[in-house]
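Asker: To be precise about what I am sending: the file is called final16.cif and holds mmCIF, C-alpha atoms.
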data_entry
loop_
_atom_site.label_atom_id
_atom_site.label_comp_id
_atom_site.auth_asym_id
_atom_site.auth_seq_id
_atom_site.Cartn_x
_atom_site.Cartn_y
_atom_site.Cartn_z
CA MET A 1 21.86 20.43 -12.98
CA ARG A 2 23.71 21.19 -9.74
CA TRP A 3 20.63 22.94 -8.26
CA LEU A 4 18.44 20.01 -9.38
CA GLN A 5 20.72 17.50 -7.65
CA ARG A 6 20.64 19.43 -4.39
CA ASN A 7 16.87 19.79 -4.27
CA ILE A 8 15.33 16.78 -6.03
CA ARG A 9 16.16 13.10 -5.67
CA PRO A 10 15.72 10.80 -8.68
CA GLU A 11 12.84 9.04 -6.90
CA GLN A 12 11.00 12.34 -6.52
CA ILE A 13 10.92 12.73 -10.30
CA ARG A 14 8.68 9.64 -10.42
CA GLU A 15 6.40 11.16 -7.77
CA LEU A 16 6.15 14.49 -9.61
CA SER A 17 5.48 12.70 -12.90
CA LEU A 18 2.82 10.54 -11.22
CA LEU A 19 1.12 13.60 -9.78
CA LEU A 20 0.94 15.05 -13.29
CA LEU A 21 -0.43 11.75 -14.65
CA ILE A 22 -3.17 11.74 -11.98
CA VAL A 23 -4.26 15.21 -13.09
CA VAL A 24 -4.22 14.12 -16.74
CA ALA A 25 -6.23 10.97 -15.90
CA VAL A 26 -8.87 12.98 -14.03
CA LEU A 27 -9.21 15.42 -16.95
CA PHE A 28 -9.36 12.54 -19.44
CA PHE A 29 -12.04 10.56 -17.62
CA GLY A 30 -13.94 13.76 -16.84
CA SER A 31 -14.27 14.37 -20.58
CA LEU A 32 -15.70 10.87 -21.13
CA ILE A 33 -17.99 10.38 -18.12
CA ASP A 34 -21.02 12.56 -17.48
CA GLY A 35 -21.21 13.90 -13.93
CA TYR A 36 -17.64 12.86 -13.19
CA TYR A 37 -16.69 16.03 -11.30
CA THR A 38 -18.96 15.46 -8.33
CA SER A 39 -18.51 14.71 -4.66
CA ARG A 40 -19.99 11.27 -5.28
CA THR A 41 -17.18 10.39 -7.68
CA PHE A 42 -14.59 11.71 -5.25
CA ASN A 43 -16.03 9.66 -2.37
CA ARG A 44 -16.07 6.48 -4.45
CA ILE A 45 -12.46 6.95 -5.45
CA ALA A 46 -11.44 7.99 -1.93
CA ALA A 47 -13.06 4.87 -0.40
CA SER A 48 -11.10 2.63 -2.77
CA VAL A 49 -7.89 4.63 -2.32
CA ALA A 50 -8.12 4.50 1.50
CA ILE A 51 -8.01 0.69 1.61
CA ILE A 52 -5.26 0.38 -1.03
CA THR A 53 -3.20 3.10 0.68
CA VAL A 54 -3.24 1.49 4.12
CA VAL A 55 -2.05 -1.85 2.73
CA ALA A 56 0.45 -0.10 0.42
CA VAL A 57 2.14 1.54 3.43
CA GLY A 58 2.94 -1.88 4.89
CA GLN A 59 3.91 -3.25 1.48
CA THR A 60 6.31 -0.32 1.05
CA LEU A 61 8.17 -1.29 4.22
CA VAL A 62 8.46 -4.88 2.98
CA VAL A 63 9.64 -3.87 -0.51
CA LEU A 64 12.21 -1.47 0.96
CA THR A 65 13.89 -4.51 2.56
CA ARG A 66 14.10 -6.32 -0.82
CA SER A 67 11.11 -8.55 -0.08
CA ILE A 68 7.48 -8.71 -1.21
CA ASP A 69 4.24 -9.67 0.51
CA LEU A 70 1.71 -11.34 -1.80
CA SER A 71 -0.52 -12.47 1.06
CA VAL A 72 -1.97 -9.03 1.90
CA GLY A 73 -5.25 -9.69 0.06
CA SER A 74 -5.86 -12.95 1.92
CA ILE A 75 -4.95 -11.33 5.25
CA ALA A 76 -7.38 -8.47 4.60
CA GLY A 77 -10.08 -10.95 3.59
CA CYS A 78 -9.56 -13.12 6.69
CA THR A 79 -9.59 -10.17 9.08
CA ALA A 80 -12.64 -8.63 7.40
CA TYR A 81 -14.61 -11.86 7.80
CA PHE A 82 -13.40 -12.67 11.32
CA ALA A 83 -13.94 -9.13 12.66
CA GLY A 84 -17.31 -9.00 10.90
CA SER A 85 -18.48 -12.31 12.35
CA MET A 86 -17.36 -11.24 15.84
CA ALA A 87 -19.14 -7.89 15.55
CA ALA A 88 -22.28 -9.58 14.19
CA ALA A 89 -22.35 -12.08 17.07
CA HIS A 90 -21.51 -9.54 19.80
CA HIS A 91 -23.13 -6.17 19.13
CA ASP A 92 -21.98 -4.94 22.52
CA LEU A 93 -18.30 -5.14 21.55
CA PRO A 94 -16.70 -1.68 21.72
CA PRO A 95 -15.68 -0.28 18.29
CA LEU A 96 -12.02 -0.12 19.34
CA ALA A 97 -12.10 -3.81 20.30
CA VAL A 98 -13.36 -4.81 16.84
CA VAL A 99 -10.62 -2.76 15.17
CA LEU A 100 -7.95 -4.23 17.46
CA ILE A 101 -9.18 -7.77 16.74
CA ALA A 102 -8.66 -7.17 13.01
CA VAL A 103 -5.25 -5.53 13.49
CA ALA A 104 -4.05 -8.23 15.92
CA LEU A 105 -5.12 -11.08 13.63
CA GLY A 106 -3.39 -9.40 10.70
CA ALA A 107 -0.25 -8.89 12.78
CA VAL A 108 -0.15 -12.59 13.71
CA MET A 109 -0.45 -13.60 10.05
CA GLY A 110 2.23 -11.10 9.07
CA ALA A 111 4.48 -12.36 11.89
CA ILE A 112 4.26 -15.91 10.53
CA ASN A 113 5.44 -14.65 7.16
CA GLY A 114 8.19 -12.65 8.84
CA VAL A 115 9.55 -15.60 10.83
CA LEU A 116 9.72 -17.82 7.75
CA VAL A 117 11.48 -15.14 5.68
CA ALA A 118 13.81 -13.69 8.34
CA TRP A 119 14.82 -16.82 10.24
CA GLY A 120 13.74 -19.58 7.89
CA ARG A 121 15.63 -17.90 5.02
CA VAL A 122 12.85 -18.84 2.60
CA PRO A 123 12.44 -16.30 -0.27
CA SER A 124 9.58 -13.94 0.50
CA ILE A 125 7.82 -14.53 -2.80
CA ILE A 126 7.63 -18.27 -2.00
CA VAL A 127 6.49 -17.75 1.59
CA THR A 128 3.78 -15.21 0.80
CA LEU A 129 2.57 -17.02 -2.31
CA GLY A 130 2.05 -20.05 -0.10
CA SER A 131 0.45 -18.10 2.75
CA LEU A 132 -1.82 -16.33 0.25
CA ALA A 133 -3.37 -19.72 -0.55
CA ILE A 134 -3.22 -21.03 3.04
CA TYR A 135 -4.89 -17.99 4.60
CA ARG A 136 -7.60 -18.03 1.94
CA GLY A 137 -8.12 -21.74 2.63
CA ILE A 138 -8.44 -21.04 6.36
CA LEU A 139 -11.05 -18.39 5.58
CA ILE A 140 -13.06 -20.82 3.43
CA ASP A 141 -12.96 -23.46 6.17
CA TYR A 142 -13.78 -21.01 8.98
CA SER A 143 -16.69 -19.39 7.12
CA GLY A 144 -18.47 -22.62 6.32
CA ALA A 145 -19.72 -20.98 3.10
CA LYS A 146 -21.66 -18.42 5.14
CA THR A 147 -21.74 -14.69 4.44
CA VAL A 148 -21.42 -11.83 6.90
CA THR A 149 -24.31 -9.59 5.89
CA THR A 150 -24.80 -5.87 6.39
CA ASP A 151 -28.04 -6.32 8.33
CA SER A 152 -26.23 -8.46 10.93
CA LEU A 153 -23.62 -5.82 11.72
CA PRO A 154 -23.86 -3.10 14.37
CA ALA A 155 -25.11 0.25 13.11
CA TRP A 156 -21.79 2.02 13.80
CA ILE A 157 -19.96 -0.20 11.28
CA VAL A 158 -22.63 0.31 8.62
CA ASP A 159 -22.56 4.09 9.15
CA LEU A 160 -18.76 4.38 9.28
CA PRO A 161 -18.14 4.85 5.51
CA ARG A 162 -20.44 7.90 5.54
CA LEU A 163 -18.84 9.45 8.62
CA THR A 164 -17.42 12.85 7.63
CA PHE A 165 -14.12 13.98 9.11
CA VAL A 166 -14.16 17.50 7.68
CA THR A 167 -16.06 19.39 4.98
CA ILE A 168 -14.15 21.56 2.51
CA GLY A 169 -16.56 23.61 0.43
CA ASN A 170 -19.04 21.10 -1.01
CA LEU A 171 -16.61 18.23 -0.53
CA ASP A 172 -16.90 15.85 2.41
CA ILE A 173 -13.65 14.20 3.49
CA ARG A 174 -14.66 10.83 4.92
CA ALA A 175 -13.15 9.53 8.15
CA MET A 176 -11.67 6.39 6.55
CA PHE A 177 -9.80 8.45 3.94
CA ALA A 178 -8.56 10.80 6.67
CA LEU A 179 -7.31 7.75 8.62
CA ALA A 180 -5.38 6.53 5.57
CA VAL A 181 -3.77 9.96 5.13
CA ALA A 182 -2.84 10.05 8.84
CA ILE A 183 -1.14 6.64 8.53
CA VAL A 184 0.81 7.86 5.49
CA VAL A 185 1.96 10.98 7.36
CA LEU A 186 2.96 8.94 10.41
CA PHE A 187 5.02 6.40 8.46
CA GLN A 188 6.48 9.04 6.14
CA ILE A 189 7.84 10.90 9.14
CA GLY A 190 9.04 7.66 10.73
CA THR A 191 10.90 6.40 7.68
CA SER A 192 12.36 9.83 6.88
CA PHE A 193 13.58 11.06 10.25
CA LEU A 194 13.75 8.20 12.76
CA ASN A 195 16.74 5.86 12.92
CA VAL A 196 14.50 2.82 13.16
CA GLY A 197 12.75 3.93 9.98
CA ARG A 198 15.98 4.55 8.09
CA GLN A 199 17.04 0.98 8.85
CA PHE A 200 14.53 -0.29 6.30
CA TYR A 201 16.39 1.68 3.60
CA ALA A 202 19.78 0.50 4.85
CA MET A 203 18.63 -3.11 4.79
CA GLY A 204 17.30 -2.84 1.24
CA SER A 205 20.22 -0.86 -0.15
CA ASN A 206 22.87 -3.36 0.96
CA PRO A 207 21.89 -6.22 3.30
CA ASP A 208 25.50 -7.39 3.73
CA ALA A 209 26.73 -3.94 4.69
CA ALA A 210 23.77 -3.50 7.06
CA HIS A 211 24.73 -6.75 8.81
CA LEU A 212 28.41 -5.77 9.01
CA ILE A 213 27.67 -2.46 10.72
CA GLY A 214 25.60 -4.28 13.33
CA LEU A 215 22.03 -3.66 12.20
CA PRO A 216 19.56 -6.36 13.31
CA THR A 217 18.76 -7.41 9.75
CA ARG A 218 16.48 -10.32 10.64
CA ARG A 219 14.51 -8.21 13.07
CA ILE A 220 14.13 -5.47 10.44
CA VAL A 221 12.68 -7.92 7.92
CA PHE A 222 10.42 -9.44 10.57
CA SER A 223 9.19 -5.98 11.61
CA ALA A 224 8.36 -5.11 8.00
CA PHE A 225 6.17 -8.21 7.60
CA LEU A 226 4.60 -7.71 11.03
CA LEU A 227 3.61 -4.13 10.19
CA SER A 228 2.43 -5.18 6.74
CA GLY A 229 0.16 -7.78 8.33
CA ALA A 230 -1.15 -5.37 10.97
CA LEU A 231 -1.96 -2.72 8.36
CA SER A 232 -3.59 -5.35 6.15
CA GLY A 233 -5.72 -6.28 9.17
CA LEU A 234 -6.75 -2.64 9.56
CA ALA A 235 -7.57 -2.55 5.86
CA GLY A 236 -9.66 -5.69 6.38
CA PHE A 237 -11.77 -3.83 8.93
CA MET A 238 -12.09 -0.91 6.49
CA PHE A 239 -13.15 -3.39 3.79
CA LEU A 240 -15.81 -4.74 6.17
CA ALA A 241 -17.12 -1.23 6.86
CA ARG A 242 -17.16 -0.28 3.18
CA PHE A 243 -18.89 -3.35 1.74
CA GLY A 244 -20.73 -4.93 4.71
CA ASN A 245 -21.43 -8.21 2.90
CA ILE A 246 -18.28 -10.29 3.33
CA THR A 247 -17.77 -13.64 1.62
CA VAL A 248 -14.75 -15.92 1.18
CA GLU A 249 -13.90 -13.85 -1.91
CA ALA A 250 -13.32 -10.71 0.18
CA ALA A 251 -10.29 -8.66 -0.93
CA ARG A 252 -9.26 -11.23 -3.53
CA GLY A 253 -6.92 -9.49 -6.00
CA LEU A 254 -6.07 -6.69 -3.56
CA GLU A 255 -2.41 -7.77 -3.64
CA LEU A 256 -2.19 -6.88 -7.35
CA GLN A 257 -3.58 -3.40 -6.73
CA VAL A 258 -1.23 -2.85 -3.80
CA VAL A 259 1.92 -4.01 -5.61
CA ALA A 260 0.92 -1.82 -8.57
CA ALA A 261 0.43 1.18 -6.26
CA VAL A 262 3.82 0.66 -4.60
CA VAL A 263 5.93 0.23 -7.74
CA VAL A 264 4.03 2.88 -9.72
CA GLY A 265 4.55 5.18 -6.74
CA GLY A 266 8.32 4.96 -7.16
CA VAL A 267 9.28 2.35 -4.57
CA ASN A 268 12.12 0.35 -6.11
CA ILE A 269 11.10 -3.29 -6.35
CA PHE A 270 14.76 -4.19 -5.70
CA GLY A 271 14.66 -2.37 -2.35
CA GLY A 272 16.39 0.58 -0.75
CA SER A 273 14.54 3.54 -2.29
CA GLY A 274 11.07 5.03 -2.45
CA THR A 275 8.67 6.72 -0.05
CA VAL A 276 5.37 6.05 1.64
CA PHE A 277 4.04 9.26 0.10
CA GLY A 278 4.89 7.94 -3.35
CA ALA A 279 2.99 4.74 -2.57
CA MET A 280 -0.05 6.83 -1.65
CA LEU A 281 0.17 8.64 -4.99
CA GLY A 282 0.32 5.23 -6.65
CA ALA A 283 -2.79 4.19 -4.71
CA ILE A 284 -4.58 7.35 -5.86
CA MET A 285 -3.66 6.54 -9.47
CA ILE A 286 -4.83 2.93 -9.13
CA GLY A 287 -8.05 3.93 -7.35
CA THR A 288 -8.81 6.58 -9.96
CA LEU A 289 -8.27 4.11 -12.81
CA GLU A 290 -10.27 1.36 -11.10
CA GLN A 291 -13.34 3.45 -10.38
CA SER A 292 -13.22 5.35 -13.69
CA LEU A 293 -12.88 2.20 -15.79
CA PHE A 294 -15.74 0.68 -13.80
CA ARG A 295 -17.88 3.72 -14.66
CA LEU A 296 -16.97 3.18 -18.30
CA GLN A 297 -18.13 -0.46 -17.93
CA ILE A 298 -14.70 -1.87 -18.78
CA SER A 299 -14.49 -5.53 -17.81
CA GLU A 300 -12.60 -6.63 -14.71
CA PHE A 301 -10.24 -8.64 -16.92
CA TRP A 302 -9.05 -5.53 -18.75
CA ARG A 303 -8.80 -3.54 -15.53
CA ASP A 304 -6.40 -6.19 -14.16
CA ALA A 305 -4.51 -6.19 -17.46
CA ILE A 306 -4.00 -2.43 -17.17
CA LEU A 307 -2.68 -2.84 -13.60
CA GLY A 308 -0.23 -5.48 -14.84
CA LEU A 309 0.91 -3.15 -17.61
CA LEU A 310 1.47 -0.35 -15.10
CA ILE A 311 3.65 -2.66 -12.96
CA LEU A 312 5.77 -3.61 -15.99
CA LEU A 313 6.17 0.02 -17.06
CA ALA A 314 7.09 1.12 -13.54
CA VAL A 315 9.73 -1.60 -13.09
CA ALA A 316 11.14 -0.89 -16.57
CA SER A 317 11.41 2.82 -15.85
CA ASP A 318 13.25 2.04 -12.59
CA ALA A 319 15.67 -0.23 -14.43
CA VAL A 320 16.30 2.13 -17.35
CA ILE A 321 15.37 5.77 -16.84
CA LEU A 322 15.98 6.29 -13.12
CA ASP A 323 19.13 4.13 -13.06
CA ARG A 324 20.60 6.19 -15.90
CA LEU A 325 19.60 9.40 -14.15
CA ARG A 326 21.30 8.25 -10.94
CA ALA A 327 24.44 7.35 -12.89
CA LEU A 328 24.41 10.74 -14.63
CA TRP A 329 24.10 12.59 -11.35
CA ALA A 330 26.84 10.44 -9.79
CA ARG A 331 29.21 11.35 -12.66
CA THR A 332 28.33 15.01 -12.23
CA ASP A 333 29.10 14.79 -8.51
CA LEU A 334 32.46 13.13 -9.29
CA LYS A 335 33.36 15.90 -11.76
CA LEU A 336 32.48 18.58 -9.22
CA VAL A 337 34.62 16.91 -6.54
CA THR A 338 37.55 16.47 -8.96
CA ARG A 339 37.31 20.11 -10.04
CA ALA A 340 37.19 21.29 -6.43
CA GLU A 341 40.29 19.24 -5.54
CA ALA A 342 42.17 20.57 -8.58
CA GLU A 343 41.54 24.20 -7.67
CA PRO A 344 44.37 25.84 -5.68
#
Here is the file; what I need is its structure written in the form of structure tokens.
Answerer:
Amino acid sequence: MRWLQRNIRPEQIRELSLLLLIVVAVLFFGSLIDGYYTSRTFNRIAASVAIITVVAVGQTLVVLTRSIDLSVGSIAGCTAYFAGSMAAAHHDLPPLAVVLIAVALGAVMGAINGVLVAWGRVPSIIVTLGSLAIYRGILIDYSGAKTVTTDSLPAWIVDLPRLTFVTIGNLDIRAMFALAVAIVVLFQIGTSFLNVGRQFYAMGSNPDAAHLIGLPTRRIVFSAFLLSGALSGLAGFMFLARFGNITVEAARGLELQVVAAVVVGGVNIFGGSGTVFGAMLGAIMIGTLEQSLFRLQISEFWRDAILGLLILLAVASDAVILDRLRALWARTDLKLVTRAEAEP
């Protein structure tokens, strides 16, 4: 027990368990679906996982501060349509400019959420539930019921989903999946080792204590929503590249997948604990289930029901299993300290 406490945090148990569940899920679906173990299956799952992962990184930062962002799907949809319409109208726009347009628009939308939550003191679930509907309404009005079609987009956007970053054996690792992994690594390092990253944990663990020791609590919350919006904007561009045909329904329901990925990945919905890496594992689990159930021709209704069940199970395990494990380890630590003080 003492060795386990020194080397493994309670949250890491969820991550290790989730990794095992992913392996079990792949073996299970592989036994049901013909031709499941192919590069085509991997690329389909990876394309879905890449988008969910990028948004889940931003959502993780928000949840760590004891908030939630339900507007990420609408932000991704708005940025996908706006960036797509700009690229369709101006084929000479540099690729980086199109990406920055999506990220900047997402950051502005996230900043609006952040101001209302941090300085307006409105509960985040109320703010983002409202902005979810408002941003979607803006998209409907802006689009004029028109669709951004694949044939109107520049060739580099259409070809982007097939762009290979590296080939391992017979497996092609696509550039968009590699980008998602790079973002996870960057934010994992930032939240683990940088003081500015650790402030998200301090804010979520005890907001009052964080304020008393002089942390800029409002700015931390604002930064979380700003980054969540910016990453949702990047995901919107990735959504545009993956699907090409963008309507007002773009990315609808993405928020459910992202919240499921975050809480299943071990990020405590009550703030203060969890990792970006865990959120990525949650995204892999959600992406695997989504694509595998689609291959089995399971209806979208039941796929959403399964995601909802996963959220409930993850929150329940946080409230029961992991809380008891933390309490057990705390009592063990207390006994060890008491024993050490009693020794001559």
Asker: In terms of the shortest atom-to-atom distance over only C-alpha atoms, which of A:Leu129, A:Leu93, A:Leu20, A:Met203 is closest to Phe270 of chain A?
Answerer: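 Among the listed residues, the smallest separation from Phe270 of chain A belongs to A:Met203.
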Asker: Quick one: residues within 8 Å of Val72 of chain A, all atoms listed in the file, excluding same-chain residues fewer than 4 positions away - as number ranges by chain?
Answerer: A: 55, 76, 132, 228-229, 232, 254-255
Asker: Would you be able to write out as an mmCIF file with C-alpha atoms, in the frame of the given file which residues have an atom within 8 Å of (-13.4, -4.5, 14.3) in the file's coordinates, counting all atoms listed in the file?
Answerer:
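As written to disk, point_0.cif reads:
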data_model
loop_
_atom_site.group_PDB
_atom_site.id
_atom_site.type_symbol
_atom_site.label_atom_id
_atom_site.label_comp_id
_atom_site.auth_asym_id
_atom_site.auth_seq_id
_atom_site.Cartn_x
_atom_site.Cartn_y
_atom_site.Cartn_z
ATOM 1 C CA ALA A 83 -13.940 -9.130 12.660
ATOM 2 C CA GLY A 84 -17.310 -9.000 10.900
ATOM 3 C CA MET A 86 -17.360 -11.240 15.840
ATOM 4 C CA ALA A 87 -19.140 -7.890 15.550
ATOM 5 C CA PRO A 95 -15.680 -0.280 18.290
ATOM 6 C CA LEU A 96 -12.020 -0.120 19.340
ATOM 7 C CA ALA A 97 -12.100 -3.810 20.300
ATOM 8 C CA VAL A 98 -13.360 -4.810 16.840
ATOM 9 C CA VAL A 99 -10.620 -2.760 15.170
ATOM 10 C CA LEU A 100 -7.950 -4.230 17.460
ATOM 11 C CA ILE A 101 -9.180 -7.770 16.740
ATOM 12 C CA ALA A 102 -8.660 -7.170 13.010
ATOM 13 C CA PHE A 237 -11.770 -3.830 8.930
#
Asker: Apply the PyMOL selection byres ((chain A and resi 242) around 8) to the file shown and report the selected residues as number ranges by chain.
Answerer: A: 47, 158, 160-161, 238-241, 243-244
Asker: Applying 8 Å and only C-alpha atoms, which residues near Val57 of chain A remain after dropping the ones on its own chain fewer than 2 positions away? List them as a VMD selection string.
Answerer: chain A and resid 53 to 55 59 to 61 183 to 184 187 228 231 276 279 to 280
Asker: Name the closest residue to Gly30 of chain A among the candidates A:Leu296, A:Val103, A:Ala251, A:Leu234; distances are taken between atoms, counting only C-alpha atoms.
Answerer: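 Of A:Leu296, A:Val103, A:Ala251, A:Leu234, the one nearest Gly30 of chain A, counting only C-alpha atoms, is A:Leu296.
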Asker: Could you please determine the separation between atom CA of Phe82 of chain A and atom CA of Arg252 of chain A in Å, to one decimal place?
Answerer: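 So the answer is 15.5 Å.
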Asker: Translate the PyMOL selection byres ((chain A and resi 301-316) around 10), as applied to the file shown, into an explicit residue set as a VMD selection string.
Answerer: chain A and resid 14 253 256 to 270 286 289 to 291 293 to 294 298 to 300 317 to 322
Asker: Between A:Ala88, A:Ala118, A:Ile189, A:Cys78, which residue has the minimum interatomic distance to Val248 of chain A, considering only C-alpha atoms?
Answerer: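 Using only C-alpha atoms, Val248 of chain A sits closest to A:Cys78.
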